[in-house]
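*Asks:* The file below is work_25.pdb, PDB, C-alpha atoms and all ligand atoms:
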```
ATOM      1  CA  MET A   1     -73.463  -8.249 -45.766  1.00  0.00           C
ATOM      2  CA  LYS A   2     -74.742  -5.944 -43.109  1.00  0.00           C
ATOM      3  CA  VAL A   3     -72.616  -5.335 -40.078  1.00  0.00           C
ATOM      4  CA  SER A   4     -72.893  -2.847 -37.283  1.00  0.00           C
ATOM      5  CA  VAL A   5     -69.999  -1.757 -35.234  1.00  0.00           C
ATOM      6  CA  LEU A   6     -71.338  -0.954 -31.842  1.00  0.00           C
ATOM      7  CA  ARG A   7     -68.205  -0.486 -29.896  1.00  0.00           C
ATOM      8  CA  ILE A   8     -64.609   0.308 -30.627  1.00  0.00           C
ATOM      9  CA  ARG A   9     -61.949  -0.149 -28.065  1.00  0.00           C
ATOM     10  CA  THR A  10     -58.281  -0.847 -27.759  1.00  0.00           C
ATOM     11  CA  TRP A  11     -56.267  -3.546 -26.184  1.00  0.00           C
ATOM     12  CA  GLY A  12     -52.584  -3.902 -25.720  1.00  0.00           C
ATOM     13  CA  SER A  13     -50.819  -1.266 -27.691  1.00  0.00           C
ATOM     14  CA  GLY A  14     -53.118  -1.274 -30.650  1.00  0.00           C
ATOM     15  CA  VAL A  15     -56.554  -0.088 -31.485  1.00  0.00           C
ATOM     16  CA  ILE A  16     -58.940  -2.803 -32.248  1.00  0.00           C
ATOM     17  CA  LEU A  17     -62.651  -3.086 -32.292  1.00  0.00           C
ATOM     18  CA  SER A  18     -65.363  -4.998 -30.667  1.00  0.00           C
ATOM     19  CA  ILE A  19     -67.732  -5.802 -33.415  1.00  0.00           C
ATOM     20  CA  ILE A  20     -71.161  -6.984 -33.010  1.00  0.00           C
ATOM     21  CA  ALA A  21     -72.199  -8.387 -36.300  1.00  0.00           C
ATOM     22  CA  VAL A  22     -75.824  -8.133 -37.039  1.00  0.00           C
ATOM     23  CA  ASP A  23     -77.340 -10.026 -39.889  1.00  0.00           C
ATOM     24  CA  PHE A  24     -73.995 -11.197 -41.065  1.00  0.00           C
ATOM     25  CA  SER A  25     -75.656 -13.221 -43.718  1.00  0.00           C
ATOM     26  CA  PRO A  26     -75.920 -16.067 -44.108  1.00  0.00           C
ATOM     27  CA  VAL A  27     -74.994 -16.281 -40.419  1.00  0.00           C
ATOM     28  CA  PRO A  28     -77.788 -15.096 -38.174  1.00  0.00           C
ATOM     29  CA  ASP A  29     -77.301 -12.472 -35.477  1.00  0.00           C
ATOM     30  CA  PHE A  30     -74.499 -13.297 -33.151  1.00  0.00           C
ATOM     31  CA  GLU A  31     -72.151 -11.598 -30.811  1.00  0.00           C
ATOM     32  CA  MET A  32     -68.501 -12.411 -30.970  1.00  0.00           C
ATOM     33  CA  THR A  33     -66.463 -12.987 -27.903  1.00  0.00           C
ATOM     34  CA  ASN A  34     -63.119 -11.286 -27.538  1.00  0.00           C
ATOM     35  CA  SER A  35     -60.970 -14.058 -28.901  1.00  0.00           C
ATOM     36  CA  SER A  36     -63.266 -14.686 -31.789  1.00  0.00           C
ATOM     37  CA  ILE A  37     -63.133 -10.993 -32.561  1.00  0.00           C
ATOM     38  CA  GLN A  38     -59.381 -11.226 -32.687  1.00  0.00           C
ATOM     39  CA  ARG A  39     -59.582 -14.173 -35.021  1.00  0.00           C
ATOM     40  CA  PHE A  40     -62.171 -12.442 -37.119  1.00  0.00           C
ATOM     41  CA  ILE A  41     -60.023  -9.360 -37.420  1.00  0.00           C
ATOM     42  CA  SER A  42     -56.836 -11.137 -38.354  1.00  0.00           C
ATOM     43  CA  LYS A  43     -58.723 -13.062 -40.977  1.00  0.00           C
ATOM     44  CA  HIS A  44     -60.733 -10.184 -42.369  1.00  0.00           C
ATOM     45  CA  ARG A  45     -58.574  -7.130 -41.839  1.00  0.00           C
ATOM     46  CA  ASP A  46     -59.727  -5.436 -45.017  1.00  0.00           C
ATOM     47  CA  ILE A  47     -63.352  -5.958 -44.257  1.00  0.00           C
ATOM     48  CA  VAL A  48     -62.873  -4.717 -40.737  1.00  0.00           C
ATOM     49  CA  HIS A  49     -61.222  -1.548 -41.981  1.00  0.00           C
ATOM     50  CA  GLN A  50     -64.029  -1.020 -44.424  1.00  0.00           C
ATOM     51  CA  ILE A  51     -66.496  -1.484 -41.646  1.00  0.00           C
ATOM     52  CA  ILE A  52     -64.837   1.083 -39.455  1.00  0.00           C
ATOM     53  CA  ASN A  53     -64.588   3.557 -42.274  1.00  0.00           C
ATOM     54  CA  LYS A  54     -68.142   3.030 -43.203  1.00  0.00           C
ATOM     55  CA  TYR A  55     -69.765   2.996 -39.839  1.00  0.00           C
ATOM     56  CA  MET A  56     -67.522   4.933 -37.570  1.00  0.00           C
ATOM     57  CA  LYS A  57     -67.360   8.207 -39.386  1.00  0.00           C
ATOM     58  CA  PRO A  58     -66.630  11.060 -37.037  1.00  0.00           C
ATOM     59  CA  ASP A  59     -69.739  13.010 -36.170  1.00  0.00           C
ATOM     60  CA  LYS A  60     -70.250  16.661 -37.030  1.00  0.00           C
ATOM     61  CA  LYS A  61     -69.025  17.948 -33.716  1.00  0.00           C
ATOM     62  CA  LEU A  62     -65.804  15.978 -33.912  1.00  0.00           C
ATOM     63  CA  LEU A  63     -65.210  17.050 -37.494  1.00  0.00           C
ATOM     64  CA  GLU A  64     -65.719  20.675 -36.582  1.00  0.00           C
ATOM     65  CA  ARG A  65     -63.251  20.404 -33.781  1.00  0.00           C
ATOM     66  CA  SER A  66     -60.678  18.741 -36.013  1.00  0.00           C
ATOM     67  CA  GLN A  67     -61.447  21.036 -38.955  1.00  0.00           C
ATOM     68  CA  HIS A  68     -62.018  17.919 -41.040  1.00  0.00           C
ATOM     69  CA  ARG A  69     -58.478  16.757 -40.583  1.00  0.00           C
ATOM     70  CA  CYS A  70     -56.602  14.016 -38.808  1.00  0.00           C
ATOM     71  CA  GLU A  71     -55.861  15.401 -35.379  1.00  0.00           C
ATOM     72  CA  LEU A  72     -52.432  13.824 -35.418  1.00  0.00           C
ATOM     73  CA  CYS A  73     -51.029  14.412 -38.903  1.00  0.00           C
ATOM     74  CA  GLY A  74     -53.434  16.865 -40.494  1.00  0.00           C
ATOM     75  CA  SER A  75     -54.373  14.621 -43.415  1.00  0.00           C
ATOM     76  CA  ASN A  76     -57.928  14.874 -44.689  1.00  0.00           C
ATOM     77  CA  LYS A  77     -58.013  11.380 -46.179  1.00  0.00           C
ATOM     78  CA  ASP A  78     -60.025   8.462 -44.810  1.00  0.00           C
ATOM     79  CA  LEU A  79     -60.960  10.078 -41.542  1.00  0.00           C
ATOM     80  CA  GLN A  80     -62.052   7.764 -38.759  1.00  0.00           C
ATOM     81  CA  VAL A  81     -62.926   7.865 -35.125  1.00  0.00           C
ATOM     82  CA  TYR A  82     -60.269   6.816 -32.724  1.00  0.00           C
ATOM     83  CA  VAL A  83     -61.195   6.064 -29.158  1.00  0.00           C
ATOM     84  CA  VAL A  84     -58.438   6.826 -26.705  1.00  0.00           C
ATOM     85  CA  GLU A  85     -58.283   4.233 -23.978  1.00  0.00           C
ATOM     86  CA  PRO A  86     -59.275   3.875 -21.230  1.00  0.00           C
ATOM     87  CA  ALA A  87     -62.518   4.964 -22.765  1.00  0.00           C
ATOM     88  CA  ASN A  88     -64.223   6.027 -19.564  1.00  0.00           C
ATOM     89  CA  HIS A  89     -62.934   9.554 -20.068  1.00  0.00           C
ATOM     90  CA  PRO A  90     -65.819  11.794 -21.170  1.00  0.00           C
ATOM     91  CA  ASP A  91     -64.032  13.162 -24.232  1.00  0.00           C
ATOM     92  CA  ASN A  92     -62.285  10.063 -25.451  1.00  0.00           C
ATOM     93  CA  GLN A  93     -62.780  10.360 -29.189  1.00  0.00           C
ATOM     94  CA  MET A  94     -60.590  11.932 -31.761  1.00  0.00           C
ATOM     95  CA  VAL A  95     -60.440  12.151 -35.528  1.00  0.00           C
ATOM     96  CA  ILE A  96     -57.670  10.208 -37.103  1.00  0.00           C
ATOM     97  CA  CYS A  97     -56.728   9.229 -40.653  1.00  0.00           C
ATOM     98  CA  ALA A  98     -56.427   5.650 -41.830  1.00  0.00           C
ATOM     99  CA  ALA A  99     -52.649   5.955 -42.253  1.00  0.00           C
ATOM    100  CA  CYS A 100     -52.126   7.030 -38.640  1.00  0.00           C
ATOM    101  CA  ASN A 101     -54.595   4.441 -37.410  1.00  0.00           C
ATOM    102  CA  ASP A 102     -52.775   1.645 -39.232  1.00  0.00           C
ATOM    103  CA  GLN A 103     -49.439   2.555 -37.760  1.00  0.00           C
ATOM    104  CA  ILE A 104     -50.850   2.881 -34.276  1.00  0.00           C
ATOM    105  CA  ALA A 105     -52.414  -0.546 -34.546  1.00  0.00           C
ATOM    106  CA  ASN A 106     -49.211  -2.049 -35.916  1.00  0.00           C
ATOM    107  CA  PRO A 107     -46.346  -0.415 -34.013  1.00  0.00           C
ATOM    108  CA  GLU A 108     -43.738  -2.375 -35.951  1.00  0.00           C
ATOM    109  CA  THR A 109     -44.763  -0.515 -39.106  1.00  0.00           C
ATOM    110  CA  MET A 110     -44.315   2.923 -37.608  1.00  0.00           C
ATOM    111  CA  GLU A 111     -42.492   5.236 -39.991  1.00  0.00           C
ATOM    112  CA  VAL A 112     -40.492   7.619 -37.908  1.00  0.00           C
ATOM    113  CA  ASN A 113     -40.780  10.485 -40.379  1.00  0.00           C
ATOM    114  CA  HIS A 114     -44.538  10.254 -40.617  1.00  0.00           C
ATOM    115  CA  TRP A 115     -44.717  11.073 -36.934  1.00  0.00           C
ATOM    116  CA  ARG A 116     -42.817  14.318 -37.200  1.00  0.00           C
ATOM    117  CA  CYS A 117     -46.379  15.627 -37.324  1.00  0.00           C
ATOM    118  CA  LEU A 118     -46.507  15.187 -33.539  1.00  0.00           C
ATOM    119  CA  ASN A 119     -44.294  18.227 -33.353  1.00  0.00           C
ATOM    120  CA  GLU A 120     -47.478  20.199 -34.013  1.00  0.00           C
ATOM    121  CA  SER A 121     -50.271  17.994 -32.792  1.00  0.00           C
ATOM    122  CA  MET A 122     -48.753  17.610 -29.332  1.00  0.00           C
ATOM    123  CA  TRP A 123     -49.716  21.243 -28.743  1.00  0.00           C
ATOM    124  CA  SER A 124     -53.394  20.505 -29.400  1.00  0.00           C
ATOM    125  CA  GLU A 125     -55.755  21.756 -26.730  1.00  0.00           C
ATOM    126  CA  VAL A 126     -57.728  18.522 -26.894  1.00  0.00           C
ATOM    127  CA  PRO A 127     -56.710  16.192 -24.041  1.00  0.00           C
ATOM    128  CA  ALA A 128     -57.360  13.037 -26.107  1.00  0.00           C
ATOM    129  CA  VAL A 129     -54.930  14.288 -28.750  1.00  0.00           C
ATOM    130  CA  GLN A 130     -52.341  15.217 -26.145  1.00  0.00           C
ATOM    131  CA  VAL A 131     -52.624  11.742 -24.669  1.00  0.00           C
ATOM    132  CA  MET A 132     -52.070  10.040 -28.023  1.00  0.00           C
ATOM    133  CA  ALA A 133     -49.194  12.336 -28.924  1.00  0.00           C
ATOM    134  CA  TRP A 134     -47.562  11.553 -25.594  1.00  0.00           C
ATOM    135  CA  ARG A 135     -47.992   7.802 -26.001  1.00  0.00           C
ATOM    136  CA  LEU A 136     -46.748   7.792 -29.580  1.00  0.00           C
ATOM    137  CA  LEU A 137     -43.707   9.871 -28.708  1.00  0.00           C
ATOM    138  CA  HIS A 138     -42.877   7.321 -26.052  1.00  0.00           C
ATOM    139  CA  ARG A 139     -43.013   4.603 -28.676  1.00  0.00           C
ATOM    140  CA  LEU A 140     -40.815   6.634 -30.988  1.00  0.00           C
ATOM    141  CA  LYS A 141     -38.207   7.806 -28.550  1.00  0.00           C
ATOM    142  CA  TYR A 142     -36.185   4.629 -29.010  1.00  0.00           C
ATOM    143  CA  LYS A 143     -36.058   5.222 -32.726  1.00  0.00           C
ATOM    144  CA  ALA A 144     -35.549   8.957 -32.842  1.00  0.00           C
ATOM    145  CA  ASP A 145     -33.872  11.450 -30.574  1.00  0.00           C
ATOM    146  CA  TRP A 146     -36.254  14.205 -31.598  1.00  0.00           C
ATOM    147  CA  ALA A 147     -39.107  12.244 -30.028  1.00  0.00           C
ATOM    148  CA  GLN A 148     -37.439  12.402 -26.643  1.00  0.00           C
ATOM    149  CA  ASP A 149     -36.813  16.113 -27.163  1.00  0.00           C
ATOM    150  CA  LEU A 150     -40.515  16.651 -27.794  1.00  0.00           C
ATOM    151  CA  ILE A 151     -41.446  14.639 -24.715  1.00  0.00           C
ATOM    152  CA  ASP A 152     -39.173  16.872 -22.692  1.00  0.00           C
ATOM    153  CA  MET A 153     -40.955  19.934 -24.038  1.00  0.00           C
ATOM    154  CA  MET A 154     -44.416  18.556 -23.523  1.00  0.00           C
ATOM    155  CA  TYR A 155     -46.594  19.616 -20.661  1.00  0.00           C
ATOM    156  CA  LEU A 156     -49.730  17.744 -19.636  1.00  0.00           C
ATOM    157  CA  ASP A 157     -51.935  18.787 -16.771  1.00  0.00           C
ATOM    158  CA  GLU A 158     -52.223  16.316 -13.954  1.00  0.00           C
ATOM    159  CA  GLU A 159     -55.430  14.677 -15.092  1.00  0.00           C
ATOM    160  CA  THR A 160     -54.281  14.320 -18.689  1.00  0.00           C
ATOM    161  CA  GLN A 161     -50.944  12.929 -17.597  1.00  0.00           C
ATOM    162  CA  ALA A 162     -52.718  10.270 -15.554  1.00  0.00           C
ATOM    163  CA  TRP A 163     -54.843   9.388 -18.575  1.00  0.00           C
ATOM    164  CA  ALA A 164     -51.771   9.177 -20.793  1.00  0.00           C
ATOM    165  CA  GLU A 165     -50.087   6.798 -18.389  1.00  0.00           C
ATOM    166  CA  ALA A 166     -53.180   4.719 -17.722  1.00  0.00           C
ATOM    167  CA  THR A 167     -52.466   2.115 -20.389  1.00  0.00           C
ATOM    168  CA  GLY A 168     -48.923   1.549 -19.202  1.00  0.00           C
ATOM    169  CA  GLU A 169     -47.466   3.155 -22.290  1.00  0.00           C
ATOM    170  CA  GLY A 170     -44.290   5.087 -21.522  1.00  0.00           C
ATOM    171  CA  ASN A 171     -44.018   3.083 -18.369  1.00  0.00           C
ATOM    172  CA  GLU A 172     -40.510   2.056 -19.199  1.00  0.00           C
ATOM    173  CA  GLU A 173     -39.722   5.716 -18.652  1.00  0.00           C
ATOM    174  CA  GLU A 174     -36.577   4.696 -16.849  1.00  0.00           C
ATOM    175  CA  LYS A 175     -35.660   2.243 -19.528  1.00  0.00           C
ATOM    176  CA  ILE A 176     -32.015   2.338 -20.275  1.00  0.00           C
ATOM    177  CA  ILE A 177     -31.002   4.030 -23.478  1.00  0.00           C
ATOM    178  CA  HIS A 178     -27.735   3.180 -25.162  1.00  0.00           C
ATOM    179  CA  LYS A 179     -26.003   5.888 -27.124  1.00  0.00           C
ATOM    180  CA  ASP A 180     -22.890   5.818 -29.234  1.00  0.00           C
ATOM    181  CA  SER A 181     -19.962   8.225 -29.012  1.00  0.00           C
ATOM    182  CA  ASN A 182     -21.955  10.803 -30.952  1.00  0.00           C
ATOM    183  CA  GLY A 183     -25.047  10.443 -28.840  1.00  0.00           C
ATOM    184  CA  ALA A 184     -26.961   8.469 -31.492  1.00  0.00           C
ATOM    185  CA  VAL A 185     -29.356   5.977 -29.948  1.00  0.00           C
ATOM    186  CA  LEU A 186     -28.269   2.370 -30.400  1.00  0.00           C
ATOM    187  CA  GLN A 187     -30.630  -0.521 -30.796  1.00  0.00           C
ATOM    188  CA  ASN A 188     -30.322  -4.250 -30.910  1.00  0.00           C
ATOM    189  CA  GLY A 189     -29.243  -5.281 -34.369  1.00  0.00           C
ATOM    190  CA  ASP A 190     -27.442  -2.040 -35.216  1.00  0.00           C
ATOM    191  CA  ASN A 191     -24.032  -2.046 -36.853  1.00  0.00           C
ATOM    192  CA  VAL A 192     -21.249  -0.005 -35.321  1.00  0.00           C
ATOM    193  CA  VAL A 193     -17.621   0.706 -35.944  1.00  0.00           C
ATOM    194  CA  LEU A 194     -14.905   0.954 -33.292  1.00  0.00           C
ATOM    195  CA  ILE A 195     -13.416   4.407 -32.969  1.00  0.00           C
ATOM    196  CA  LYS A 196     -10.440   3.280 -30.909  1.00  0.00           C
ATOM    197  CA  ASP A 197      -8.125   0.277 -30.643  1.00  0.00           C
ATOM    198  CA  LEU A 198      -9.507  -1.879 -27.878  1.00  0.00           C
ATOM    199  CA  LYS A 199      -7.555  -4.440 -25.983  1.00  0.00           C
ATOM    200  CA  VAL A 200      -9.863  -7.356 -25.397  1.00  0.00           C
ATOM    201  CA  SER A 201      -9.208  -8.534 -21.903  1.00  0.00           C
ATOM    202  CA  GLY A 202      -9.102 -12.298 -21.814  1.00  0.00           C
ATOM    203  CA  GLY A 203      -9.400 -12.391 -25.590  1.00  0.00           C
ATOM    204  CA  GLY A 204      -5.683 -11.997 -26.151  1.00  0.00           C
ATOM    205  CA  PHE A 205      -6.096  -9.605 -29.036  1.00  0.00           C
ATOM    206  CA  THR A 206      -6.729  -6.003 -29.844  1.00  0.00           C
ATOM    207  CA  ALA A 207      -9.820  -5.025 -31.727  1.00  0.00           C
ATOM    208  CA  LYS A 208      -8.624  -2.427 -34.176  1.00  0.00           C
ATOM    209  CA  ARG A 209     -10.071   0.973 -34.620  1.00  0.00           C
ATOM    210  CA  GLY A 210     -12.321   0.944 -37.699  1.00  0.00           C
ATOM    211  CA  THR A 211     -13.467  -2.624 -37.126  1.00  0.00           C
ATOM    212  CA  ALA A 212     -17.124  -3.003 -37.955  1.00  0.00           C
ATOM    213  CA  VAL A 213     -19.230  -4.859 -35.437  1.00  0.00           C
ATOM    214  CA  ARG A 214     -22.426  -6.096 -36.938  1.00  0.00           C
ATOM    215  CA  ARG A 215     -25.763  -6.772 -35.269  1.00  0.00           C
ATOM    216  CA  ILE A 216     -24.843  -5.658 -31.807  1.00  0.00           C
ATOM    217  CA  SER A 217     -26.953  -6.482 -28.804  1.00  0.00           C
ATOM    218  CA  LEU A 218     -27.512  -4.077 -25.955  1.00  0.00           C
ATOM    219  CA  VAL A 219     -26.564  -5.017 -22.429  1.00  0.00           C
ATOM    220  CA  HIS A 220     -30.017  -4.489 -21.037  1.00  0.00           C
ATOM    221  CA  ASP A 221     -29.075  -3.259 -17.594  1.00  0.00           C
ATOM    222  CA  ASN A 222     -26.092  -1.129 -18.489  1.00  0.00           C
ATOM    223  CA  PRO A 223     -26.428   1.836 -20.853  1.00  0.00           C
ATOM    224  CA  GLU A 224     -22.683   1.978 -21.371  1.00  0.00           C
ATOM    225  CA  GLN A 225     -22.239  -1.522 -22.684  1.00  0.00           C
ATOM    226  CA  ILE A 226     -23.104  -3.397 -25.817  1.00  0.00           C
ATOM    227  CA  GLU A 227     -22.100  -6.805 -27.026  1.00  0.00           C
ATOM    228  CA  GLY A 228     -20.870  -7.781 -30.418  1.00  0.00           C
ATOM    229  CA  ARG A 229     -18.781 -10.268 -32.279  1.00  0.00           C
ATOM    230  CA  VAL A 230     -15.184  -9.329 -33.072  1.00  0.00           C
ATOM    231  CA  GLU A 231     -12.805 -11.836 -34.589  1.00  0.00           C
ATOM    232  CA  GLY A 232     -15.292 -14.577 -33.891  1.00  0.00           C
ATOM    233  CA  GLN A 233     -15.603 -13.720 -30.234  1.00  0.00           C
ATOM    234  CA  GLN A 234     -18.549 -12.210 -28.480  1.00  0.00           C
ATOM    235  CA  ILE A 235     -17.199  -9.287 -26.485  1.00  0.00           C
ATOM    236  CA  VAL A 236     -18.539  -6.480 -24.383  1.00  0.00           C
ATOM    237  CA  ILE A 237     -17.763  -3.054 -25.798  1.00  0.00           C
ATOM    238  CA  LEU A 238     -18.247   0.326 -24.189  1.00  0.00           C
ATOM    239  CA  THR A 239     -20.676   2.488 -26.124  1.00  0.00           C
ATOM    240  CA  LYS A 240     -18.345   5.470 -25.903  1.00  0.00           C
ATOM    241  CA  TYR A 241     -15.908   3.648 -28.186  1.00  0.00           C
ATOM    242  CA  VAL A 242     -18.321   2.949 -31.013  1.00  0.00           C
ATOM    243  CA  LYS A 243     -20.037   4.867 -33.747  1.00  0.00           C
ATOM    244  CA  LYS A 244     -23.239   3.737 -35.365  1.00  0.00           C
ATOM    245  CA  ILE A 245     -22.965   3.023 -39.107  1.00  0.00           C
TER     246      ILE A 245
HETATM  247 ZN    ZN B   1     -53.129  11.056 -39.669  1.00  0.00          ZN
END
```
What would the structure in this file look like if it were written as C-alpha cells?
*Replies:*
Amino acid sequence: MKVSVLRIRTWGSGVILSIIAVDFSPVPDFEMTNSSIQRFISKHRDIVHQIINKYMKPDKKLLERSQHRCELCGSNKDLQVYVVEPANHPDNQMVICAACNDQIANPETMEVNHWRCLNESMWSEVPAVQVMAWRLLHRLKYKADWAQDLIDMMYLDEETQAWAEATGEGNEEEKIIHKDSNGAVLQNGDNVVLIKDLKVSGGGFTAKRGTAVRRISLVHDNPEQIEGRVEGQQIVILTKYVKKI
C-alpha cells in the first residue's frame, strides 16, 4: 500500500488529517471527500497513525527548534508534526509526540497529570506552542485547579491570543464553575458529602450532615447550586455545604 498524506488539518476539537491516497492498491488514485475521510479514519485508525508517523516526520528545521523533543511534554518518542489551526498562520507547525497527539485528538482520554508538562511548555517562545498550551489548559481547567492557575499566569501577545481563540476553544471563558466548600471544582457525576444538617424546604425532612450524595448534577446557570438525590428526593443543595468525596 502506498499512501501520501498531502495535508493535515484539524476540525472540531481534534486533530485529524485530510488524506489523499495515491495508489491505494488495489484501488486506483482517488481523493477522499471530508466525510469519507472521517469514515476512513474511524475504520483505519492504526493505519492512519502509521501514515502520519511515516510521512509527516518533522523536518530538520522543526526538529532543531524543538531539540528533537515534543514541544508540549518533552518526550522524544514518536515525534510527529502537529498543525495548529487555523493553519493560515505562517508558523503553524510544531513537533509533538504520539501520546500528546492522541490525547489532543480524543479529549475524553486526557490524563490530567500528563499535562502538568504545560507548566513548562506554556513559556515556550514559539507562538504555535503557546497557542496549544493555552487551548489545552482551557480544556483542563474544569478538571484541575492548577490549569486555571496557569492560565492566569499566562501572557500571550495580542496576535497570538487572537490565534489561540480563533477555533473557539476557551470560548466558554465565562462558563460557570462550581466549587465545594474547600474550593475543589465540582463536576457532573461527582459524589459529595453534606457538611451541615440541611432542612429541605418542602421536603419535610432534614438532610443530615455526613450524608453522601452520589452523582450530583450541576445547576448550569448558578455556580452556587448543585442537585442531588437525598432520601429519594432530588433536591437543590448549596455548594458551600458540600465536600467532594
Ligand atoms: Zn508530548
*Asks:* For the structure shown, which residues end up in the PyMOL selection byres (((not hetatm)) within 10 of (chain B and resi 1))? Put them as an MDAnalysis selection string, please?
*Replies:* chainID A and resid 69:80 95:103 114:115 117:118
*Asks:* For the PyMOL selection byres (((chain A and resi 146) around 12) and not hetatm), applied here, can you spell out every residue it catches as JSON, numbers by chain?
*Replies:* {"A": [112, 113, 115, 116, 117, 118, 119, 137, 138, 140, 141, 142, 143, 144, 145, 147, 148, 149, 150, 151, 152, 153, 184, 185]}
*Asks:* Applied to this file, what does the PyMOL selection byres (((chain A and resi 164) around 7) and not hetatm) return in terms of residues, put as a PDB file with C-alpha atoms, keeping the file's coordinate frame?
*Replies:*
```pdb
ATOM      1  CA  VAL A 131     -52.624  11.742 -24.669  1.00  0.00           C
ATOM      2  CA  TRP A 134     -47.562  11.553 -25.594  1.00  0.00           C
ATOM      3  CA  ARG A 135     -47.992   7.802 -26.001  1.00  0.00           C
ATOM      4  CA  THR A 160     -54.281  14.320 -18.689  1.00  0.00           C
ATOM      5  CA  GLN A 161     -50.944  12.929 -17.597  1.00  0.00           C
ATOM      6  CA  ALA A 162     -52.718  10.270 -15.554  1.00  0.00           C
ATOM      7  CA  TRP A 163     -54.843   9.388 -18.575  1.00  0.00           C
ATOM      8  CA  GLU A 165     -50.087   6.798 -18.389  1.00  0.00           C
ATOM      9  CA  ALA A 166     -53.180   4.719 -17.722  1.00  0.00           C
TER      10      ALA A 166
END
```
